[in-house]
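**Student:** Just dropping this structure here.
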Amino acid sequence: MSIYDYLEDFGGLPVADLRPPDSEEASAVPGKQPEQALRDAPTPPYGIAPGEHPADAVAWRLRHRHWADDPEITDLYEYFLANVDTTRVTALIVGAWTIDMSEENPLIERLIRDAGRFPALRHLFLGDVVQEESEVSWIGVGPCTGILEAFPFLEELVIRGGENTLEDPSFDGAPALTAVRHEHLRRLRFESGGLSARIVRAVGTSDLPALEELELWLGVSDYGGDAGIDDLADLLSGTRVPRLRHLGLMNSEIQDEIAAAIANAPVTARLESLDLSMGTLGDEGAEALLQGQPLGRLRKLTIRHHFLSDPVAERLRTTLRASGVAVEISRPEQLPDWRDDDDRYVEVAE
């Protein structure tokens, strides 16, 4: 998953943008990157019209291109409802909804209102917004608990952005997530440059008996990522996620502390895949993994973007590969000699 490229497939289907009704653009091939307004041809093909493909053959993306005189995202949504058989739609993506992405996503409340018109929806992505459109930390999410309550058969939810603490550090509006029970959700991912502690706690105190894959991009305190190890305690107990097999606690400025907590957490014993990428992981965190509970049950350990020394990285590879674990340790970062460990940086912040 990248903040620099749009999704090309989602929910097992190629992604297709819904072309605005008055557009004269030619149709694009689903599953390809859409135009990039600042660097591609003046009039590249874009999206598809209703009826060009069966409603259940693509993952539909709705997005507002402010530079292209597109209709408002709410008008595009109403056009979608009126012209696409939404009873067959299984995968839906909401891209940029305005030029100022700090405004809450207006389609959340409409999707909740219209949930009955999407009985087959199983995969939902809120915020497929690339860096060219907005920095991640500028994207305001809005309250999403109602989505899970309105779509009891949803299997995958991805949310990019965070609570709007960048615009207002004292922000105390409706939380993006509160504790909820959902019987069918299998994959949940929050992508953020600063994920608030209350979102992290809400995930940990939610009852998600079917959840198999969870990823949290925790981010940095400068952009609202104020979660500490104590906020992860409920999640790491594993009590409310009995089927969890993949865990990614990523993009954190306290990555060493997270590694130490995972090394001794109850949930770790049943994981098949662990991802500690994108953060400030150094030798201290790797040593904690080596000295904690045996990780030989894992099928895969992924650490991309890290600050491990070569000897420690190699020891971690050798130790776990001897137990049959596939280990990917890649994209090392290096600080200049005149900088200390406190200057480590995450991959996605602003």
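How things are named: the first chain in the structure tokens is A, the next is B, and so on; residues count from 1 in each chain; ligands count from 1 in the order shown.
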List the neighbours of Glu215 (chain A) out to 7 Å using only C-alpha atoms; skip same-chain residues closer than 6 positions along the sequence, and give me the result as an MDAnalysis selection string.

**Tutor:** chainID A and resid 188:190 247:249

**Student:** Let me make sure I understand: among A:Arg61, A:Lys300, A:Arg321, A:Arg19, which one has the smallest atom-to-atom distance to Leu7 (chain A) if we use only C-alpha atoms?

**Tutor:**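 Counting only C-alpha atoms, the residue closest to Leu7 (chain A) is A:Arg61.
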
**Student:** Determine, counting only C-alpha atoms, which protein, DNA and RNA residues have an atom within 9 Å of an atom of Glu135 (chain A); residues of the same chain fewer than 6 positions away are not included. Present the result as a VMD selection string.

**Tutor:** chain A and resid 3 101 129 161 193 349 to 350

**Student:** Residues of region 131-282 of chain A classed as alpha helix (DSSP H) by DSSP on the backbone are to be reported as a list in words.

**Tutor:**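 Here is the list: Thr145, Gly146, Ile147, Leu148, Glu149, Ala150, Ala197, Arg198, Ile199, Val200, Arg201, Ala202, Val203, Gly204, Ala233, Asp234, Leu235, Leu236, Ser237, Gln255, Asp256, Glu257, Ile258, Ala259, Ala260, Ala261, Ile262 and Ala263 of chain A.
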
**Student:** Tell me, as a list in words, which residues lie within 9 Å of Ser323 (chain A), counting only C-alpha atoms; anything in the same chain fewer than 2 positions away does not count.

**Tutor:**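 With the cut-off at 9 Å, the set is Leu295, Gly296, Arg297, Leu298, Thr318, Thr319, Leu320, Arg321 and Val325 of chain A.
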
**Student:** Quick one: residues within 8 Å of region 272-279 of chain A, only C-alpha atoms, excluding same-chain residues fewer than 6 positions away - as a PyMOL selection string?

**Tutor:** chain A and resi 245-255+259+297-306+345-348
